[in-house]
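This is work35.pdb (PDB, C-alpha atoms and all ligand atoms).
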ATOM      1  CA  MET P  10    -129.245  36.437-140.154  1.00  0.00           C
ATOM      2  CA  THR P  11    -127.521  37.000-143.530  1.00  0.00           C
ATOM      3  CA  ARG P  12    -128.519  39.823-145.849  1.00  0.00           C
ATOM      4  CA  ASP P  13    -130.011  37.363-148.377  1.00  0.00           C
ATOM      5  CA  LEU P  14    -132.162  35.726-145.695  1.00  0.00           C
ATOM      6  CA  ASN P  15    -133.250  39.107-144.426  1.00  0.00           C
ATOM      7  CA  GLN P  16    -134.278  40.138-147.957  1.00  0.00           C
ATOM      8  CA  HIS P  17    -136.131  36.847-148.394  1.00  0.00           C
ATOM      9  CA  ALA P  18    -137.990  37.387-145.085  1.00  0.00           C
ATOM     10  CA  ASN P  19    -138.892  40.960-146.021  1.00  0.00           C
ATOM     11  CA  ALA P  20    -140.258  39.861-149.411  1.00  0.00           C
ATOM     12  CA  LEU P  21    -142.354  37.148-147.745  1.00  0.00           C
ATOM     13  CA  ILE P  22    -143.716  39.626-145.191  1.00  0.00           C
ATOM     14  CA  GLU P  23    -144.658  42.035-147.973  1.00  0.00           C
ATOM     15  CA  HIS P  24    -146.435  39.248-149.878  1.00  0.00           C
ATOM     16  CA  ILE P  25    -148.282  38.037-146.761  1.00  0.00           C
ATOM     17  CA  GLN P  26    -149.503  41.521-145.895  1.00  0.00           C
ATOM     18  CA  THR P  27    -150.557  42.462-149.421  1.00  0.00           C
ATOM     19  CA  ARG P  28    -152.227  39.252-150.452  1.00  0.00           C
ATOM     20  CA  TYR P  29    -153.521  37.751-147.230  1.00  0.00           C
ATOM     21  CA  HIS P  30    -153.917  40.437-144.563  1.00  0.00           C
ATOM     22  CA  GLU P  31    -155.385  42.992-146.966  1.00  0.00           C
ATOM     23  CA  GLY P  32    -157.276  40.270-148.835  1.00  0.00           C
ATOM     24  CA  HIS P  33    -158.957  38.995-145.651  1.00  0.00           C
ATOM     25  CA  ARG P  34    -159.852  42.551-144.639  1.00  0.00           C
ATOM     26  CA  ARG P  35    -161.494  43.124-148.034  1.00  0.00           C
ATOM     27  CA  ALA P  36    -163.335  39.790-148.045  1.00  0.00           C
ATOM     28  CA  LEU P  37    -164.755  39.753-144.505  1.00  0.00           C
ATOM     29  CA  PRO P  38    -167.277  42.620-144.878  1.00  0.00           C
ATOM     30  CA  GLU P  39    -168.683  40.944-148.017  1.00  0.00           C
ATOM     31  CA  LEU P  40    -169.036  37.647-146.157  1.00  0.00           C
ATOM     32  CA  LEU P  41    -170.782  39.411-143.267  1.00  0.00           C
ATOM     33  CA  THR P  42    -173.211  41.108-145.660  1.00  0.00           C
ATOM     34  CA  LEU P  43    -174.121  37.738-147.208  1.00  0.00           C
ATOM     35  CA  ALA P  44    -174.470  36.122-143.767  1.00  0.00           C
ATOM     36  CA  ALA P  45    -176.778  38.957-142.651  1.00  0.00           C
ATOM     37  CA  ALA P  46    -178.919  38.509-145.778  1.00  0.00           C
ATOM     38  CA  ILE P  47    -179.329  34.820-144.946  1.00  0.00           C
ATOM     39  CA  GLU P  48    -180.198  35.567-141.325  1.00  0.00           C
ATOM     40  CA  ALA P  49    -182.811  38.046-142.574  1.00  0.00           C
ATOM     41  CA  GLN P  50    -184.495  35.093-144.319  1.00  0.00           C
ATOM     42  CA  GLY P  51    -184.716  33.357-140.919  1.00  0.00           C
ATOM     43  CA  ILE P  52    -182.459  30.492-141.985  1.00  0.00           C
ATOM     44  CA  ASP P  53    -179.646  30.524-139.382  1.00  0.00           C
ATOM     45  CA  LYS P  54    -179.661  33.104-136.612  1.00  0.00           C
ATOM     46  CA  GLY P  55    -176.043  32.548-135.560  1.00  0.00           C
ATOM     47  CA  LEU P  56    -174.128  33.030-138.797  1.00  0.00           C
ATOM     48  CA  VAL P  57    -173.246  36.704-138.355  1.00  0.00           C
ATOM     49  CA  ASP P  58    -172.048  36.230-134.759  1.00  0.00           C
ATOM     50  CA  ALA P  59    -169.952  33.190-135.663  1.00  0.00           C
ATOM     51  CA  LEU P  60    -168.362  34.941-138.630  1.00  0.00           C
ATOM     52  CA  GLY P  61    -167.885  38.134-136.613  1.00  0.00           C
ATOM     53  CA  ALA P  62    -165.975  36.193-133.945  1.00  0.00           C
ATOM     54  CA  ILE P  63    -163.733  34.611-136.595  1.00  0.00           C
ATOM     55  CA  GLY P  64    -163.093  38.046-138.117  1.00  0.00           C
ATOM     56  CA  ARG P  65    -162.281  39.672-134.752  1.00  0.00           C
ATOM     57  CA  ASP P  66    -159.839  36.913-133.759  1.00  0.00           C
ATOM     58  CA  LEU P  67    -158.171  37.093-137.135  1.00  0.00           C
ATOM     59  CA  GLU P  68    -157.904  40.891-137.015  1.00  0.00           C
ATOM     60  CA  GLN P  69    -156.302  40.790-133.543  1.00  0.00           C
ATOM     61  CA  HIS P  70    -153.855  38.174-134.758  1.00  0.00           C
ATOM     62  CA  MET P  71    -152.896  40.085-137.908  1.00  0.00           C
ATOM     63  CA  PHE P  72    -152.527  43.292-135.883  1.00  0.00           C
ATOM     64  CA  LYS P  73    -150.125  41.490-133.526  1.00  0.00           C
ATOM     65  CA  GLU P  74    -148.098  40.303-136.500  1.00  0.00           C
ATOM     66  CA  GLU P  75    -148.026  43.730-138.092  1.00  0.00           C
ATOM     67  CA  MET P  76    -147.211  45.644-134.885  1.00  0.00           C
ATOM     68  CA  ARG P  77    -144.858  43.192-133.177  1.00  0.00           C
ATOM     69  CA  LEU P  78    -143.749  40.207-135.215  1.00  0.00           C
ATOM     70  CA  PHE P  79    -143.008  41.705-138.623  1.00  0.00           C
ATOM     71  CA  PRO P  80    -141.046  44.692-137.240  1.00  0.00           C
ATOM     72  CA  MET P  81    -138.937  42.274-135.129  1.00  0.00           C
ATOM     73  CA  MET P  82    -138.302  40.173-138.227  1.00  0.00           C
ATOM     74  CA  GLU P  83    -137.422  43.168-140.350  1.00  0.00           C
ATOM     75  CA  GLN P  84    -134.760  43.988-137.758  1.00  0.00           C
ATOM     76  CA  GLY P  85    -133.336  40.467-138.046  1.00  0.00           C
ATOM     77  CA  GLY P  86    -135.103  38.846-135.065  1.00  0.00           C
ATOM     78  CA  ASN P  87    -134.281  38.835-131.343  1.00  0.00           C
ATOM     79  CA  THR P  88    -134.349  36.548-128.324  1.00  0.00           C
ATOM     80  CA  LEU P  89    -138.100  37.011-127.696  1.00  0.00           C
ATOM     81  CA  ILE P  90    -139.211  36.108-131.183  1.00  0.00           C
ATOM     82  CA  GLU P  91    -139.491  32.340-130.706  1.00  0.00           C
ATOM     83  CA  ARG P  92    -142.022  32.688-127.888  1.00  0.00           C
ATOM     84  CA  LEU P  93    -144.127  35.092-129.970  1.00  0.00           C
ATOM     85  CA  ILE P  94    -143.948  32.708-132.946  1.00  0.00           C
ATOM     86  CA  ASP P  95    -145.150  29.839-130.710  1.00  0.00           C
ATOM     87  CA  ASP P  96    -148.149  31.931-129.611  1.00  0.00           C
ATOM     88  CA  LEU P  97    -149.006  32.919-133.163  1.00  0.00           C
ATOM     89  CA  HIS P  98    -148.702  29.331-134.347  1.00  0.00           C
ATOM     90  CA  ARG P  99    -151.179  28.225-131.655  1.00  0.00           C
ATOM     91  CA  GLU P 100    -153.561  30.921-132.881  1.00  0.00           C
ATOM     92  CA  HIS P 101    -153.195  29.579-136.443  1.00  0.00           C
ATOM     93  CA  VAL P 102    -154.344  26.150-135.258  1.00  0.00           C
ATOM     94  CA  ALA P 103    -157.378  27.732-133.544  1.00  0.00           C
ATOM     95  CA  HIS P 104    -158.222  29.812-136.646  1.00  0.00           C
ATOM     96  CA  GLU P 105    -158.039  26.767-138.868  1.00  0.00           C
ATOM     97  CA  GLN P 106    -160.362  24.808-136.543  1.00  0.00           C
ATOM     98  CA  GLY P 107    -162.825  27.713-136.253  1.00  0.00           C
ATOM     99  CA  MET P 108    -162.916  28.170-140.017  1.00  0.00           C
ATOM    100  CA  ASP P 109    -163.389  24.419-140.609  1.00  0.00           C
ATOM    101  CA  CYS P 110    -166.440  24.443-138.312  1.00  0.00           C
ATOM    102  CA  PHE P 111    -167.948  27.508-139.970  1.00  0.00           C
ATOM    103  CA  GLN P 112    -167.298  26.118-143.444  1.00  0.00           C
ATOM    104  CA  ALA P 113    -168.977  22.804-142.539  1.00  0.00           C
ATOM    105  CA  ARG P 114    -172.013  24.682-141.151  1.00  0.00           C
ATOM    106  CA  VAL P 115    -172.386  26.783-144.323  1.00  0.00           C
ATOM    107  CA  ARG P 116    -171.869  23.764-146.603  1.00  0.00           C
ATOM    108  CA  GLU P 117    -174.615  21.901-144.796  1.00  0.00           C
ATOM    109  CA  LEU P 118    -177.005  24.856-145.078  1.00  0.00           C
ATOM    110  CA  ALA P 119    -176.173  25.320-148.769  1.00  0.00           C
ATOM    111  CA  GLN P 120    -176.933  21.647-149.431  1.00  0.00           C
ATOM    112  CA  ALA P 121    -180.244  21.886-147.574  1.00  0.00           C
ATOM    113  CA  HIS P 122    -181.268  25.050-149.512  1.00  0.00           C
ATOM    114  CA  ARG P 123    -179.945  24.429-153.013  1.00  0.00           C
ATOM    115  CA  THR P 124    -182.083  27.077-154.699  1.00  0.00           C
ATOM    116  CA  ASN P 125    -181.172  29.852-152.253  1.00  0.00           C
ATOM    117  CA  GLY P 126    -178.889  32.199-154.200  1.00  0.00           C
ATOM    118  CA  ALA P 127    -177.565  34.070-151.154  1.00  0.00           C
ATOM    119  CA  LEU P 128    -176.609  30.825-149.423  1.00  0.00           C
ATOM    120  CA  GLN P 129    -174.912  29.462-152.532  1.00  0.00           C
ATOM    121  CA  ALA P 130    -173.004  32.759-152.843  1.00  0.00           C
ATOM    122  CA  LEU P 131    -171.981  32.624-149.161  1.00  0.00           C
ATOM    123  CA  ALA P 132    -170.870  28.993-149.464  1.00  0.00           C
ATOM    124  CA  GLN P 133    -168.738  29.849-152.486  1.00  0.00           C
ATOM    125  CA  ALA P 134    -167.242  32.948-150.827  1.00  0.00           C
ATOM    126  CA  VAL P 135    -166.463  30.947-147.672  1.00  0.00           C
ATOM    127  CA  GLU P 136    -164.642  28.304-149.780  1.00  0.00           C
ATOM    128  CA  VAL P 137    -162.488  31.025-151.326  1.00  0.00           C
ATOM    129  CA  PHE P 138    -161.845  32.695-147.960  1.00  0.00           C
ATOM    130  CA  ALA P 139    -160.959  29.410-146.243  1.00  0.00           C
ATOM    131  CA  GLY P 140    -158.552  28.545-149.075  1.00  0.00           C
ATOM    132  CA  GLU P 141    -156.814  31.898-148.730  1.00  0.00           C
ATOM    133  CA  LEU P 142    -156.657  31.487-144.941  1.00  0.00           C
ATOM    134  CA  ILE P 143    -154.980  28.082-145.284  1.00  0.00           C
ATOM    135  CA  ARG P 144    -152.452  29.453-147.797  1.00  0.00           C
ATOM    136  CA  HIS P 145    -151.811  32.401-145.447  1.00  0.00           C
ATOM    137  CA  ILE P 146    -151.162  30.090-142.493  1.00  0.00           C
ATOM    138  CA  ARG P 147    -148.922  27.789-144.565  1.00  0.00           C
ATOM    139  CA  ALA P 148    -146.873  30.750-145.818  1.00  0.00           C
ATOM    140  CA  GLU P 149    -146.226  31.807-142.212  1.00  0.00           C
ATOM    141  CA  ASP P 150    -145.867  28.415-140.488  1.00  0.00           C
ATOM    142  CA  ASP P 151    -143.905  26.669-143.246  1.00  0.00           C
ATOM    143  CA  GLU P 152    -141.944  29.478-144.908  1.00  0.00           C
ATOM    144  CA  LEU P 153    -141.623  32.589-142.746  1.00  0.00           C
ATOM    145  CA  PHE P 154    -141.486  31.306-139.163  1.00  0.00           C
ATOM    146  CA  PRO P 155    -138.765  28.680-139.764  1.00  0.00           C
ATOM    147  CA  LEU P 156    -136.397  31.460-140.872  1.00  0.00           C
ATOM    148  CA  PHE P 157    -136.418  32.699-137.256  1.00  0.00           C
ATOM    149  CA  CYS P 158    -136.660  29.464-135.244  1.00  0.00           C
ATOM    150  CA  ALA P 159    -133.939  26.986-134.438  1.00  0.00           C
ATOM    151  CA  PRO P 160    -134.843  23.584-135.917  1.00  0.00           C
ATOM    152  CA  VAL P 161    -136.571  21.312-133.385  1.00  0.00           C
ATOM    153  CA  PRO P 162    -134.107  18.571-132.354  1.00  0.00           C
ATOM    154  CA  THR P 163    -135.195  15.109-133.454  1.00  0.00           C
ATOM    155  CA  ALA P 164    -135.432  13.189-130.184  1.00  0.00           C
ATOM    156  CA  GLY P 165    -134.742   9.494-129.907  1.00  0.00           C
ATOM    157  CA  ILE P 166    -133.022   9.051-133.264  1.00  0.00           C
ATOM    158  CA  ALA P 167    -129.444   7.840-133.137  1.00  0.00           C
ATOM    159  CA  PRO P 168    -126.973   9.971-135.143  1.00  0.00           C
TER     160      PRO P 168
HETATM  161 FE    FE F 201    -150.524  36.755-141.046  1.00  0.00          FE
HETATM  162 FE    FE F 202    -150.540  34.455-138.731  1.00  0.00          FE
END
Could you spell out this file's structure in structure tokens?
Amino acid sequence: MTRDLNQHANALIEHIQTRYHEGHRRALPELLTLAAAIEAQGIDKGLVDALGAIGRDLEQHMFKEEMRLFPMMEQGGNTLIERLIDDLHREHVAHEQGMDCFQARVRELAQAHRTNGALQALAQAVEVFAGELIRHIRAEDDELFPLFCAPVPTAGIAP
């Protein structure tokens, strides 16, 4: 890896940690508080558990990136990095699916209870969170990870 590429990777890692990892960690407790307030009204008894599971999976994933992936990248990568990147990419797909489901559930509730302020606030906060999560995943899958993976050969296309 050239020095320029290494600097580019380090800047991306810094941005991802500051904006997305720290941002998610700030946002999740607020989302959980809103979800608990809605449960207290007897509207949906599974919201806190569902959101808690999303938050725990995401925290484990970000911890793995911070403890293993980013340090490997900062040292220029190594032979094990592609397998780790594959695993993390699979987790991204699962996070996106889990968030889509939760977002759909909250949207539906918010539409059914239009005058409920807490639900409207949760729906809005979930939209913001989901948008940040998608941008986070795109920054890693589309910008950061390709710096450390060989391009996938295009099979079946004549040169
Ligand atoms: Fe990340
Ligand atoms: Fe990630």
Quick one: everything within 12 Å of Ala121 (chain P), counting only C-alpha atoms, minus sequence neighbours fewer than 6 positions away in the same chain. Send it as a list in words. Ile52, Asp53, Arg114, Val115, Leu128, Gln129 and Ala132 of chain P
Name the residues in contact with region 77-82 of chain P at a cut-off of 8 Å, using all atoms listed in the file, excluding same-chain residues fewer than 3 positions from it; report them as JSON, numbers by chain. {"P": [18, 19, 22, 73, 74, 85, 86, 87, 90, 93, 94, 157]}
Please report the interatomic distance between CA of Cys158 (chain P) and CA of Arg65 (chain P) in Å with one decimal. 27.6 Å
Residue by residue, what does the PyMOL selection byres (((not hetatm)) within 8 of (chain F and resi 202)) grab here? Present the result as a list in words. His70, Met71, Glu74, Leu97, His98, Glu100, His101, His145, Ile146, Glu149 and Asp150 of chain P
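For Val57 (chain P), the non-local neighbours within 9 Å, defined as residues at least 3 positions apart in the same chain or in other chains and counting all atoms listed in the file, are P:Leu40, P:Leu41, P:Thr42, P:Leu43, P:Ala44, P:Ala45, P:Glu48, P:Asp53, P:Lys54, P:Leu60, P:Gly61, P:Ala62.
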Could you jot down the CA of Ile25 (chain P) to CA of Ala148 (chain P) separation for me, Å, one decimal place?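 Answer for the CA of Ile25 (chain P) to CA of Ala148 (chain P) separation: 7.5 Å.
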Output: region 62-92 of chain P of the preceding structure, restricted to N, CA and C atoms, written as a CSV table (one decimal), in the first residue's frame.
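See decode_38.csv below for the written result:
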chain,number,residue,atom,x,y,z
P,62,ALA,N,-31.5,-5.5,20.7
P,62,ALA,CA,-30.8,-6.5,20.0
P,62,ALA,C,-30.0,-5.9,18.8
P,63,ILE,N,-30.6,-4.9,18.1
P,63,ILE,CA,-29.9,-4.2,17.1
P,63,ILE,C,-28.7,-3.5,17.6
P,64,GLY,N,-28.9,-2.8,18.7
P,64,GLY,CA,-27.8,-2.1,19.4
P,64,GLY,C,-26.7,-3.0,19.8
P,65,ARG,N,-27.0,-4.1,20.4
P,65,ARG,CA,-25.9,-5.1,20.8
P,65,ARG,C,-25.1,-5.6,19.6
P,66,ASP,N,-25.8,-6.0,18.6
P,66,ASP,CA,-25.1,-6.5,17.4
P,66,ASP,C,-24.2,-5.5,16.8
P,67,LEU,N,-24.8,-4.3,16.7
P,67,LEU,CA,-24.0,-3.2,16.1
P,67,LEU,C,-22.8,-2.8,17.0
P,68,GLU,N,-22.9,-2.8,18.3
P,68,GLU,CA,-21.8,-2.5,19.2
P,68,GLU,C,-20.7,-3.6,19.1
P,69,GLN,N,-21.1,-4.9,19.0
P,69,GLN,CA,-20.1,-6.0,18.8
P,69,GLN,C,-19.4,-5.8,17.5
P,70,HIS,N,-20.1,-5.4,16.5
P,70,HIS,CA,-19.5,-5.2,15.2
P,70,HIS,C,-18.5,-4.1,15.2
P,71,MET,N,-18.9,-3.0,15.8
P,71,MET,CA,-18.0,-1.8,15.8
P,71,MET,C,-16.8,-2.0,16.6
P,72,PHE,N,-17.0,-2.8,17.7
P,72,PHE,CA,-15.9,-3.1,18.6
P,72,PHE,C,-14.9,-4.0,17.8
P,73,LYS,N,-15.4,-4.9,17.0
P,73,LYS,CA,-14.5,-5.8,16.2
P,73,LYS,C,-13.7,-4.9,15.2
P,74,GLU,N,-14.4,-3.9,14.6
P,74,GLU,CA,-13.7,-3.1,13.7
P,74,GLU,C,-12.6,-2.2,14.4
P,75,GLU,N,-13.0,-1.7,15.5
P,75,GLU,CA,-12.1,-0.8,16.3
P,75,GLU,C,-10.9,-1.6,16.8
P,76,MET,N,-11.1,-2.9,17.3
P,76,MET,CA,-10.0,-3.6,17.9
P,76,MET,C,-9.2,-4.4,16.9
P,77,ARG,N,-9.8,-4.9,15.8
P,77,ARG,CA,-9.1,-5.7,14.9
P,77,ARG,C,-8.9,-5.1,13.5
P,78,LEU,N,-10.0,-4.7,12.9
P,78,LEU,CA,-9.9,-4.3,11.5
P,78,LEU,C,-9.1,-3.0,11.4
P,79,PHE,N,-9.5,-2.0,12.1
P,79,PHE,CA,-8.9,-0.7,11.9
P,79,PHE,C,-7.4,-0.7,12.2
P,80,PRO,N,-7.0,-1.3,13.3
P,80,PRO,CA,-5.5,-1.4,13.5
P,80,PRO,C,-4.8,-2.1,12.4
P,81,MET,N,-5.4,-3.2,11.9
P,81,MET,CA,-4.7,-3.9,10.7
P,81,MET,C,-4.6,-3.0,9.6
P,82,MET,N,-5.6,-2.2,9.3
P,82,MET,CA,-5.6,-1.3,8.2
P,82,MET,C,-4.6,-0.2,8.4
P,83,GLU,N,-4.5,0.3,9.6
P,83,GLU,CA,-3.5,1.4,9.9
P,83,GLU,C,-2.1,0.9,9.7
P,84,GLN,N,-1.9,-0.4,9.8
P,84,GLN,CA,-0.6,-1.0,9.6
P,84,GLN,C,-0.4,-1.4,8.1
P,85,GLY,N,-1.3,-1.1,7.3
P,85,GLY,CA,-1.2,-1.3,5.8
P,85,GLY,C,-1.8,-2.6,5.4
P,86,GLY,N,-2.5,-3.4,6.3
P,86,GLY,CA,-3.2,-4.6,5.9
P,86,GLY,C,-2.3,-5.8,6.0
P,87,ASN,N,-2.9,-7.0,6.0
P,87,ASN,CA,-2.1,-8.2,6.0
P,87,ASN,C,-2.9,-9.4,5.4
P,88,THR,N,-2.4,-10.6,5.4
P,88,THR,CA,-3.0,-11.6,4.6
P,88,THR,C,-4.4,-12.1,5.2
P,89,LEU,N,-4.6,-11.8,6.4
P,89,LEU,CA,-5.9,-12.2,7.1
P,89,LEU,C,-7.0,-11.2,6.9
P,90,ILE,N,-6.7,-10.1,6.3
P,90,ILE,CA,-7.7,-9.0,6.3
P,90,ILE,C,-8.9,-9.3,5.4
P,91,GLU,N,-8.7,-10.0,4.3
P,91,GLU,CA,-9.8,-10.2,3.4
P,91,GLU,C,-10.9,-11.0,4.0
P,92,ARG,N,-10.5,-12.0,4.8
P,92,ARG,CA,-11.5,-12.9,5.5
P,92,ARG,C,-12.3,-12.1,6.5
